[in-house]
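Visitor: Got a structure for you, written out below as structure tokens; questions coming shortly.
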Amino acid sequence: MKLTGKIFWGKQSRWQLIVATAGFWIGLFITLLSIQFFLDIRQIAKRSEDEKNYIIVNKTVNVANMFDKSISMFSEAQLDSLKQQPFVKDMGLFRTNTFNIYADVSEQMGLAFDLYMESVPNRFLDTIPANFEWDSTADFVPVMVASDFLRIYNFSLTMSQKYMPQLSPLTIQMIPIKIKISGNGSSRMVTAKVVGFTDRIPSVLVPEDFLLWANDKYGDGPSPQPTRVILEVDDPANEQIKAYLTAKSYDTNADDLRLGGMANTLQIVSAITGTIGGMFVFLSFAIFLMNFQLIISRAKEEIGILLDLGYRPSELANTLNKQFLIILVGCAVSVIAILAGLVAAMHSLLNDYGFETGGTVSWIIPVTALGLVLLLQGFIYLGIKSGIKR
Amino acid sequence: MRIELQQLLPEPLIEIAPKVSGIWQQNVVLEPSQWTQLVAPSGRGKSTLLNIIYGNRTDYQGQVIIDGNSTLKYTADDWAALRREKLSVVFQDLRLFTNLTGWDNLLLKQQLTDTVTKEQITEMATKLGVLRLLDKTCGTMSYGERQRVAIIRSLLQPFKYLLLDEPFSHLDENNRQIAADLIKEACQQRNAGLLIAGLGADKYFTYHQTLQLDETNG
């Protein structure tokens with residue numbers, strides 16, 4: 001069937017075909033790109049959406065707190081009342097240390113400082129590193145710190161302090177921190193390591209069982225009432241929450257809409273891009289089909305001769321269909337390949353800005369491409385069928 | 001193969017057809033293996049008749065019956081099968097691919113049924129003096145050269161009837177004789193019938209019957 005192929009792709013038809021193919025390629029590329037873009041944005045938006053469903057509540061600090069810190073603590077009654085609120089799905093208490101903590105990284109960084117530690121129940125953590133577990137027989141304590149702390153350190157502190165190096169998340173996880181915990185007339189040396197970072201909780205976190213144990217052993221007196229609680233809520237924008245917190249003079253971190261706002265804007269942008277991409281696809285379909293019709297009508301004479309020679313119409317149609325299908329599939333495959341490269345590049349770029357994307361092409365992309373190819377091939381099939389029928 | 005022409009009348013001729021014709025609105029039979037000459041001045045529908053028999057025209061009254069079956073009921077695949085296996089043709093306009101070489105034109109026919117070897121094609125082309133030309137595209141050949149390529153092409157398949165429409169119009173005397181010999185040989189090998197349309201009587205074939213398209217007393 002090589003010879004029959006030769007007949008259809010004369011010089012003029014070849015140009016028609018190149019234009020048609022280029023149009024289809026560009027249209028497909030823009031459409032698939034905007035779909036992928038849209039999906040990535042949605043993922044980012046969803047993450048920040050999840051984030052917003054947790055709010056941290058504490059009491060407002062005023063002059064009175066200067067003389068009595070216990071004013072900041074929630075009483076059992078206040079905690080009960082909070083927990084009873086209809087907008088609260090779950091509540092977790094922040095525990096803080098009542099013993100002394102002295103951290104020493106002088107070997108690595110020439111630093112030694114007093115430290116605090118807090119804990120929340122694990123179910124309130126956004127990520128739980130595999131080794132975020134405390135073993136009472138080992139002298140090792142895993143620590144999670146807020147990503148914001150690292151940012152403050154890297155971009156504010158080290159910039160103003162000549163001798164402090166900037167630290168990547170990976171480096172910081174390799175530094176062993178010598179920690180002396182003391183109180184109640186005894187002390188103990190443990191080694192701590194940062195094992196992960198949290199976006200949700202702005203604190204230095206250790207496993208809850210460690211904190212309770214250490215408070216018990218080295219702390220002065222019973223564990224105090226918590227000063228902060230973390231709440232899981234359905235919708236942080238719920239007016240009830242705001243009203244309740246205001247009435248009780250509680251404060252919250254929930255106005256952090258940084259990611260949410262950005263994601264919304266991007267989602268609109270990608271929706272617009274998608275619409276334009278869709279129009280492109282429509283246009284490129286039209287261009288492709290018009291050029292295709294031209295190819296077929298040019299080939300009409302040739303088709304007539306082949307039929308005269310005794311070629312079956314179905315034979316010719318299959319040859320043509322196959323050739324167009326190869327072209328279309330070739331377009332789709334190359335578009336997806338380029339898209340995959342682009343998505344991977346975007347992934348590392350966006351990660352630098354703190355956005356997490358999948359880094360791979362979504363399964364929706366090849367499925368969409370396949371659908372578009374089949375749709376166009378359907379039109380081609382009909383065009384060939386009517387072109388060959390005389 | 002037996003071809004019956006029953007009351008044929010092409011629609012363009014309905015108004016102007018002569019009252020008396022050897023073909024139109026007659027019942028004519030082309031018997032198996034019979035050699036028939038069809039004579040008429042140009043413009044009287046010789047090519048139309050061949051195209052009707054070959055299935056390329058549908059604008060006519062009456063019907064063609066091939067081996068007992070009306071071609072009005074033929075499907076596209078039926079025509080394809082007929083043209084591959086039973087019916088071969090040289091049209092007046094030759095129907096060659098002008099942008100392909102002579103060889104490509106021949107092979108397009110040859111590869112359909114593989115009845116003739118390339119050596120046999122070479123032999124025929126040599127006899128007709130076109131072998132050297134077969135590597136050129138048909139568009140660059142003279143009409144007489146194309147005619148010879150088209151004649152060769154018509155002999156590259158099995159057939160029970162061969163239709164020729166003024167096949168020798170641009171050939172010289174010598175080539176006419178050679179072409180006629182090749183055609184005769186091919187028809188005898190296949191025990192095939194022959195229908196040649198021409199402007200007048202010719203001396204190259206021994207015909208079983210002569211049909212006048214235009215008048216009955218020719």
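Ordering of the structure tokens sets the chain letters (A, B, ...); residue numbers start at 1 within each chain; ligands are numbered from 1 in the order shown.
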For Asn97 of chain A, find every residue with an atom within 7 Å (counting only C-alpha atoms), except residues of its own chain fewer than 4 positions away, and show them as a VMD selection string.

Guide: chain A and resid 116 to 118 211 215

Visitor: Keeping only all heavy atoms, write those residues as an mmCIF file, in the first residue's frame.

Guide:
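For reference, result.cif as written:
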```cif
data_model
loop_
_atom_site.group_PDB
_atom_site.id
_atom_site.type_symbol
_atom_site.label_atom_id
_atom_site.label_comp_id
_atom_site.auth_asym_id
_atom_site.auth_seq_id
_atom_site.Cartn_x
_atom_site.Cartn_y
_atom_site.Cartn_z
ATOM 1 N N TYR A 116 12.093 26.109 74.133
ATOM 2 C CA TYR A 116 10.808 25.603 74.625
ATOM 3 C C TYR A 116 10.355 24.487 73.696
ATOM 4 O O TYR A 116 10.843 24.357 72.568
ATOM 5 C CB TYR A 116 9.765 26.716 74.675
ATOM 6 C CG TYR A 116 9.204 27.049 73.322
ATOM 7 C CD1 TYR A 116 7.994 26.503 72.908
ATOM 8 C CD2 TYR A 116 9.899 27.892 72.463
ATOM 9 C CE1 TYR A 116 7.497 26.790 71.655
ATOM 10 C CE2 TYR A 116 9.410 28.180 71.227
ATOM 11 C CZ TYR A 116 8.203 27.637 70.809
ATOM 12 O OH TYR A 116 7.718 27.908 69.583
ATOM 13 N N MET A 117 9.431 23.701 74.170
ATOM 14 C CA MET A 117 8.871 22.647 73.327
ATOM 15 C C MET A 117 7.378 22.593 73.556
ATOM 16 O O MET A 117 6.895 22.853 74.661
ATOM 17 C CB MET A 117 9.468 21.283 73.684
ATOM 18 C CG MET A 117 10.901 21.099 73.248
ATOM 19 S SD MET A 117 11.552 19.568 73.925
ATOM 20 C CE MET A 117 13.175 19.560 73.174
ATOM 21 N N GLU A 118 6.671 22.249 72.511
ATOM 22 C CA GLU A 118 5.233 22.052 72.654
ATOM 23 C C GLU A 118 4.856 20.736 72.002
ATOM 24 O O GLU A 118 5.621 20.138 71.242
ATOM 25 C CB GLU A 118 4.460 23.192 71.979
ATOM 26 C CG GLU A 118 4.449 24.483 72.786
ATOM 27 C CD GLU A 118 3.570 25.530 72.153
ATOM 28 O OE1 GLU A 118 3.850 25.902 70.990
ATOM 29 O OE2 GLU A 118 2.615 25.977 72.808
ATOM 30 N N LEU A 211 6.728 14.753 76.019
ATOM 31 C CA LEU A 211 6.535 15.978 76.785
ATOM 32 C C LEU A 211 5.848 15.687 78.117
ATOM 33 O O LEU A 211 6.236 16.209 79.172
ATOM 34 C CB LEU A 211 5.720 16.977 75.959
ATOM 35 C CG LEU A 211 5.870 18.414 76.441
ATOM 36 C CD1 LEU A 211 7.234 18.962 76.047
ATOM 37 C CD2 LEU A 211 4.768 19.291 75.898
ATOM 38 N N ASN A 215 7.614 16.410 81.587
ATOM 39 C CA ASN A 215 6.943 17.315 82.527
ATOM 40 C C ASN A 215 6.759 16.654 83.889
ATOM 41 O O ASN A 215 6.928 17.256 84.938
ATOM 42 C CB ASN A 215 5.570 17.744 81.980
ATOM 43 C CG ASN A 215 5.678 19.010 81.130
ATOM 44 O OD1 ASN A 215 6.750 19.612 81.050
ATOM 45 N ND2 ASN A 215 4.580 19.380 80.507
#
```

Visitor: Give me the residues of chain B that have any atom at most 8 Å from an atom of chain A; for each, the nearest atom pair and the distance in Å, rounded to one decimal. Use only C-alpha atoms, sort by chain and number, and format it as CSV.

Guide:
```
residue,atom,partner,partner_atom,distance
B:Ala76,CA,A:Pro313,CA,6.9
B:Asp77,CA,A:Arg312,CA,5.8
B:Trp79,CA,A:Gly310,CA,7.3
B:Ala80,CA,A:Gly310,CA,4.3
B:Ala81,CA,A:Gly310,CA,6.6
B:Leu82,CA,A:Gly310,CA,7.5
B:Arg83,CA,A:Gly310,CA,4.7
B:Arg84,CA,A:Gly310,CA,4.9
B:Arg95,CA,A:Ile305,CA,6.1
B:Leu96,CA,A:Ile305,CA,7.4
B:Phe97,CA,A:Glu302,CA,7.2
B:Asn99,CA,A:Ile7,CA,7.9
B:Leu100,CA,A:Ile7,CA,7.6
B:Asp104,CA,A:Leu3,CA,7.1
B:Leu108,CA,A:Leu3,CA,6.8
B:Lys109,CA,A:Leu309,CA,6.3
B:Leu112,CA,A:Tyr311,CA,7.6
```

Visitor: DSSP on the backbone, strand (DSSP E) only: what residues of segment 4-205 of chain A does that give? Format it as a ChimeraX atom specification.

Guide: /A:54-59,88-93,95-96,100-104,112-114,118-119,140-146,177-183,186-198,204-205

Visitor: Write out as a PyMOL selection string each polymer residue whose atoms come within 12 Å of Leu38 of chain B, counting only C-alpha atoms; drop sequence neighbours fewer than 2 positions from it.

Guide: chain B and resi 21-23+28+30+35-36+40-42+44-47+49-50+163-166+194-202+207-215+218

Visitor: Which is closer to Ala332 of chain A than all the others in A:Ser13, A:Asn154, A:Asn238, A:Thr368, using only C-alpha atoms?

Guide: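 Closest residue, counting only C-alpha atoms: A:Thr368.
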
Visitor: Measuring between only C-alpha atoms, which one of A:Ser203, A:Asn184, A:Ser348, A:Ser168 shows the shortest distance to Arg95 of chain A?

Guide: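 The closest residue to Arg95 of chain A is A:Ser203.
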
Visitor: When you look at Leu33 of chain A with a cut-off of 9 Å (counting only C-alpha atoms), what residues show up, excluding the ones that are within fewer than 6 positions of it in the same chain? I need them as a ChimeraX atom specification.

Guide: /A:273-274,277,339,343,365

Visitor: Do a neighbour search on Gly110 of chain A at 12 Å with only C-alpha atoms, toss out local chain neighbours closer than 4 positions, and write the hits as a list in words.

Guide: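 Listing them by chain and then by number gives Ala103, Asp104, Val105, Ser106, Tyr163, Met164, Pro165 and Ile177 of chain A.
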
Visitor: Take the residues that were just selected and, keeping N, CA and C atoms, output them as a PDB file, in the first residue's frame.

Guide:
```pdb
ATOM      1  N   ALA A 103      19.614  24.103  74.836  1.00  0.00           N
ATOM      2  CA  ALA A 103      20.080  23.467  73.601  1.00  0.00           C
ATOM      3  C   ALA A 103      21.468  23.967  73.278  1.00  0.00           C
ATOM      4  N   ASP A 104      22.319  23.047  72.733  1.00  0.00           N
ATOM      5  CA  ASP A 104      23.699  23.392  72.473  1.00  0.00           C
ATOM      6  C   ASP A 104      24.090  22.901  71.078  1.00  0.00           C
ATOM      7  N   VAL A 105      24.310  23.849  70.172  1.00  0.00           N
ATOM      8  CA  VAL A 105      24.837  23.484  68.855  1.00  0.00           C
ATOM      9  C   VAL A 105      26.128  24.253  68.625  1.00  0.00           C
ATOM     10  N   SER A 106      26.884  24.435  69.707  1.00  0.00           N
ATOM     11  CA  SER A 106      28.093  25.252  69.588  1.00  0.00           C
ATOM     12  C   SER A 106      29.106  24.608  68.658  1.00  0.00           C
ATOM     13  N   TYR A 163      28.018  35.683  60.755  1.00  0.00           N
ATOM     14  CA  TYR A 163      28.641  34.354  60.886  1.00  0.00           C
ATOM     15  C   TYR A 163      27.655  33.201  60.899  1.00  0.00           C
ATOM     16  N   MET A 164      26.393  33.516  60.726  1.00  0.00           N
ATOM     17  CA  MET A 164      25.423  32.419  60.698  1.00  0.00           C
ATOM     18  C   MET A 164      25.216  31.954  59.258  1.00  0.00           C
ATOM     19  N   PRO A 165      25.392  30.642  59.005  1.00  0.00           N
ATOM     20  CA  PRO A 165      25.171  30.156  57.642  1.00  0.00           C
ATOM     21  C   PRO A 165      23.674  29.942  57.378  1.00  0.00           C
ATOM     22  N   ILE A 177      21.385  18.033  67.833  1.00  0.00           N
ATOM     23  CA  ILE A 177      21.309  19.121  68.818  1.00  0.00           C
ATOM     24  C   ILE A 177      21.400  18.524  70.216  1.00  0.00           C
TER      25      ILE A 177
END
```

Visitor: List the spatial neighbours of segment 113-117 of chain B as a VMD selection string - criterion: any atom at most 10 Å away, only C-alpha atoms, same-chain residues fewer than 5 positions off excluded.

Guide: (chain A and resid 310) or (chain B and resid 84 to 85 107 to 108 122 to 123 155 to 158)

Visitor: Find the residues near segment 151-154 of chain B: any atom within 8 Å, counting only C-alpha atoms, skip ones fewer than 2 places away on the same chain, and give them as a PDB file with N, CA and C atoms, in the first residue's frame.

Guide:
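Wrote part18.pdb, looks like this:
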```
ATOM      1  N   SER B  88     -11.229  -5.811 -17.751  1.00  0.00           N
ATOM      2  CA  SER B  88     -10.129  -4.852 -17.819  1.00  0.00           C
ATOM      3  C   SER B  88     -10.460  -3.810 -18.874  1.00  0.00           C
ATOM      4  N   VAL B  89      -9.781  -2.680 -18.824  1.00  0.00           N
ATOM      5  CA  VAL B  89     -10.187  -1.578 -19.686  1.00  0.00           C
ATOM      6  C   VAL B  89      -9.006  -0.675 -20.022  1.00  0.00           C
ATOM      7  N   VAL B  90      -9.061  -0.095 -21.245  1.00  0.00           N
ATOM      8  CA  VAL B  90      -8.192   1.049 -21.549  1.00  0.00           C
ATOM      9  C   VAL B  90      -9.128   2.191 -21.926  1.00  0.00           C
ATOM     10  N   ASN B 105       2.851   3.211 -12.059  1.00  0.00           N
ATOM     11  CA  ASN B 105       1.517   3.031 -12.614  1.00  0.00           C
ATOM     12  C   ASN B 105       1.229   1.556 -12.889  1.00  0.00           C
ATOM     13  N   LEU B 106       2.216   0.892 -13.446  1.00  0.00           N
ATOM     14  CA  LEU B 106       2.013  -0.524 -13.768  1.00  0.00           C
ATOM     15  C   LEU B 106       1.918  -1.378 -12.502  1.00  0.00           C
ATOM     16  N   LYS B 109      -1.322  -1.680 -10.587  1.00  0.00           N
ATOM     17  CA  LYS B 109      -2.252  -2.679 -11.101  1.00  0.00           C
ATOM     18  C   LYS B 109      -1.730  -4.082 -10.806  1.00  0.00           C
ATOM     19  N   GLN B 110      -0.449  -4.267 -11.026  1.00  0.00           N
ATOM     20  CA  GLN B 110       0.150  -5.596 -10.912  1.00  0.00           C
ATOM     21  C   GLN B 110       0.015  -6.157  -9.500  1.00  0.00           C
ATOM     22  N   ILE B 121       6.323  -7.997 -17.596  1.00  0.00           N
ATOM     23  CA  ILE B 121       6.055  -6.576 -17.861  1.00  0.00           C
ATOM     24  C   ILE B 121       7.203  -5.994 -18.689  1.00  0.00           C
ATOM     25  N   MET B 124       6.934  -7.020 -22.268  1.00  0.00           N
ATOM     26  CA  MET B 124       5.912  -6.288 -23.022  1.00  0.00           C
ATOM     27  C   MET B 124       6.377  -4.871 -23.332  1.00  0.00           C
ATOM     28  N   ALA B 125       6.989  -4.241 -22.286  1.00  0.00           N
ATOM     29  CA  ALA B 125       7.433  -2.852 -22.469  1.00  0.00           C
ATOM     30  C   ALA B 125       8.530  -2.792 -23.534  1.00  0.00           C
ATOM     31  N   GLN B 147      -0.200   5.928 -23.973  1.00  0.00           N
ATOM     32  CA  GLN B 147      -1.176   4.963 -24.481  1.00  0.00           C
ATOM     33  C   GLN B 147      -0.617   3.539 -24.382  1.00  0.00           C
ATOM     34  N   ARG B 148       0.666   3.420 -24.703  1.00  0.00           N
ATOM     35  CA  ARG B 148       1.282   2.090 -24.638  1.00  0.00           C
ATOM     36  C   ARG B 148       1.386   1.612 -23.189  1.00  0.00           C
ATOM     37  N   VAL B 149       1.699   2.535 -22.270  1.00  0.00           N
ATOM     38  CA  VAL B 149       1.745   2.148 -20.860  1.00  0.00           C
ATOM     39  C   VAL B 149       0.363   1.683 -20.389  1.00  0.00           C
ATOM     40  N   LEU B 156      -2.308  -6.634 -17.155  1.00  0.00           N
ATOM     41  CA  LEU B 156      -1.619  -7.153 -15.960  1.00  0.00           C
ATOM     42  C   LEU B 156      -2.571  -7.787 -14.952  1.00  0.00           C
ATOM     43  N   GLN B 157      -3.699  -8.259 -15.417  1.00  0.00           N
ATOM     44  CA  GLN B 157      -4.676  -8.835 -14.478  1.00  0.00           C
ATOM     45  C   GLN B 157      -5.417  -9.968 -15.182  1.00  0.00           C
ATOM     46  N   PRO B 167      -7.853   2.578 -28.596  1.00  0.00           N
ATOM     47  CA  PRO B 167      -6.572   2.337 -27.924  1.00  0.00           C
ATOM     48  C   PRO B 167      -5.353   2.699 -28.766  1.00  0.00           C
ATOM     49  N   ALA B 179       1.006  -3.831 -30.507  1.00  0.00           N
ATOM     50  CA  ALA B 179       0.033  -3.753 -29.427  1.00  0.00           C
ATOM     51  C   ALA B 179      -1.103  -4.733 -29.676  1.00  0.00           C
TER      52      ALA B 179
END
```

Visitor: For the atom pair atom CA of Lys89 of chain A and atom CA of Ile55 of chain A, what is the interatomic distance in Å to one decimal place?

Guide: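 Atom CA of Ile55 of chain A lies 11.3 Å from atom CA of Lys89 of chain A.
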
Visitor: Could you please write out, as a PyMOL selection string, every residue of segment 8-206 of chain B that DSSP assigns to alpha helix (DSSP H)?

Guide: chain B and resi 46-54+76-85+102-113+118-127+143-154+173-190

Visitor: Would you mind reading off the distance between atom CA of Ser297 of chain A and atom CA of Phe280 of chain A, one decimal, in Å?

Guide: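 Atom-to-atom, atom CA of Ser297 of chain A to atom CA of Phe280 of chain A, that is 25.3 Å.
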